[in-house]
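Shown next, in structure tokens, is the structure this report addresses.
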Amino acid sequence: MKKLLAAGLSVLVMCALPAMADITVKMPANSGLDSLDYNYTTILNLANAKSRAERGTVSTKVPVKDNAAVLPIGTDNGGYSFQIVTGERSYIPVYALPGDDVVVEIASLEPIDYNMSGSALVDDMNKIDEIEAPFVKQINEIASSENPDRQKMQEIYGSFLDAIKDFIEENPTSTASCIAIMNLQGEDFDNAYKHLGERAKTSAVYPLVQRQNEMVQQSLAKERKLKELSSGNVVAPNFTLEDLNGKMVSLSDFKGKWVILDFWGSWCPWCIKGFPELKEAYEKYKGELEIIGVDCREDQEAWKKGVEKYELPWVNVYNPETSSVLNDYAVSGFPTKAIINPEGKIANITVGHDPAFFDKLKELMGK
């Protein structure tokens with residue numbers, strides 16, 4: 001499969017194992033390559049790892065002889081996920097089981113054009129490739145034009161997702177539906193997952209589908225919680241965190257004032273982009289409004305340097321990994337800003353850098 005199908009998957013690797021069969025990659029005669037880079041991991045390792053380190057990444061290469069390279073397949077019965085590197089930002093994903101003899105014929109490296117054959121898993125991948133190919137072609141044609149119409153590209157991508165949903169609905173027992181469903185997210189994925197038949201779940205890639213389902217369910221739960229928190233009827237969860245001077249600061253200390261909670265990190269460019277407008281609001285509503293910058297996902301030294309570098313004049317607190325604050329406020333992206341009214345209730349939550357946030361603040365404060 002090509003870029004659309006591969007975009008949502010992070011293919012990593014583990015230790016090399018003895019080969020039982022192989023993937024033969026046939027290169028174009030004019031490739032000029034004397035070796036071929038690739039990565040691989042077991043499907044189960046990819047599905048179960050809790051961190052990148054646990055995925056056991058291995059990157060390696062094999063020689064290209066007579067315009068062909070041979071990638072050994074190991075002995076893990078759960079199967080493997082390969083990533084054959086074809087360029088700086090392009091690769092060919094291949095799923096393979098012990099005993100498979102897969103052939104990947106590359107007609108062109110730029111743009112990438114290839115065919116695969118040799119196994120039931122590859123046949124499933126090809127079925128979804130056939131659905132994907134015309135949409136990829138349309139998007140590439142627009143992308144290569146002088147003034148790409150990004151809205152049109154998004155519409156085409158939406159049509160691709162509709163085609164994927166239709167395939168799963170029409171083929172609920174096909175193992176190819178497990179390849180197809182990994183293109184979906186959110187409620188689209190949830191609905192399709194519920195539609196999968198038992199035979200489809202016998203696919204070697206089903207553990208990846210299960211892992212994706214876990215992440216989707218977590219995301220949907222956060223969306224539901226965010227909607228509830230933004231209803232205007234929820235008392236803001238209190239918290240106590242350490243400020244720059246080591247003093248413990250609680251949200252409840254500011255009851256009676258409007259409060260903006262700014263969940264940010266110095267690693268987040270969109271968080272930083274919003275600081276000028278946030279400073280304007282802080283000055284404009286001085287005395288009535290307090291801002292509490294809640295630092296996230298970095299060490300204390302980086303946090304303190306960030307506060308100093310960007311000259312943040314409001315209350316700044318450090319949020320350690322052991323804190324439940326991000327979960328309490330259903331934070332799923334950065335920056336996230338929450339407006340707390342003087343009664344201590346959440347009046348608004350905005351995810352991402354959105355200038356409309358300040359219009360909402362003005363409306364809520366009646367200014």
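Residue numbers start at 1 in each chain; chains themselves are named A, B, ... in the order of the structure tokens; ligands are numbered from 1 in the order shown.
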Next on the checklist: For Thr202 in chain A, find every residue with an atom within 10 Å (counting only C-alpha atoms), except residues of its own chain fewer than 2 positions away, and show them as a PyMOL selection string.
Outcome noted: chain A and resi 173-175+178+197-200+204-207
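Look at range 308-320 of chain A: the protein and nucleic acid residues within 7 Å of it, using only C-alpha atoms and passing over chain neighbours fewer than 5 places away, are Leu241, Glu242, Asp243, Leu244, Ile291, Ile292, Gly293, Val294, Asp295, Cys296 and Gln300 of chain A.
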Item to check | Contact residues around range 327-331 of chain A with only C-alpha atoms at 12 Å, ignoring same-chain residues under 5 positions, as a VMD selection string | outcome: chain A and resid 218 to 230 234 to 239 261 to 264 294 296 319 321 to 322 336 to 340 346 348 to 352
Next on the checklist: So that I can check the secondary structure, give me every residue of range 50-184 of chain A assigned strand (DSSP E or B) by backbone DSSP, as number ranges by chain.
Outcome noted: A: 59-63, 65, 68-73, 80-85, 91-96, 101-109, 112-117
Item to check | Exercise: Met215 in chain A partners within 12 Å, only C-alpha atoms, chain neighbours under 3 positions left out, as a VMD selection string | outcome: chain A and resid 47 50 182 185 to 187 189 to 190 208 to 212 218 to 222 332
Item to check | Filtered DSSP result for range 297-344 of chain A, state alpha helix (DSSP H), as a count of residues only | outcome: 14
Checklist entry - Excluding same-chain residues fewer than 3 positions from range 64-77 of chain A, what lies within 9 Å of it counting only C-alpha atoms, as a ChimeraX atom specification? => result /A:16-36,38,42,61,80,96-101
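By chain and then residue number, the residues within 12 Å of Tyr157 in chain A are A:Lys3, A:Leu4, A:Leu5, A:Ile131, A:Glu132, A:Ala133, A:Pro134, A:Phe135, A:Val136, A:Lys137, A:Gln138, A:Ile139, A:Asn140, A:Arg150, A:Gln151, A:Lys152, A:Met153, A:Gln154, A:Phe160, A:Leu161, A:Asp162, A:Ala163, A:Ile164, A:Asn183, A:Leu184, counting only C-alpha atoms and disregarding those fewer than 3 positions away in sequence.
Closest to Leu196 in chain A among A:Ala281, A:Ala176, A:Cys268, A:Ile168 is A:Ile168, based on only C-alpha atoms.
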Item to check | Distance of CA of Ser117 in chain A from CA of Glu141 in chain A, expressed in Å to one decimal place | outcome: 27.1 Å
Checklist outcome for this item: Nearest to Lys127 in chain A, restricted to only C-alpha atoms and choosing among A:Met365, A:Ala192, A:Ile179, A:Ile272, comes out as A:Ile179
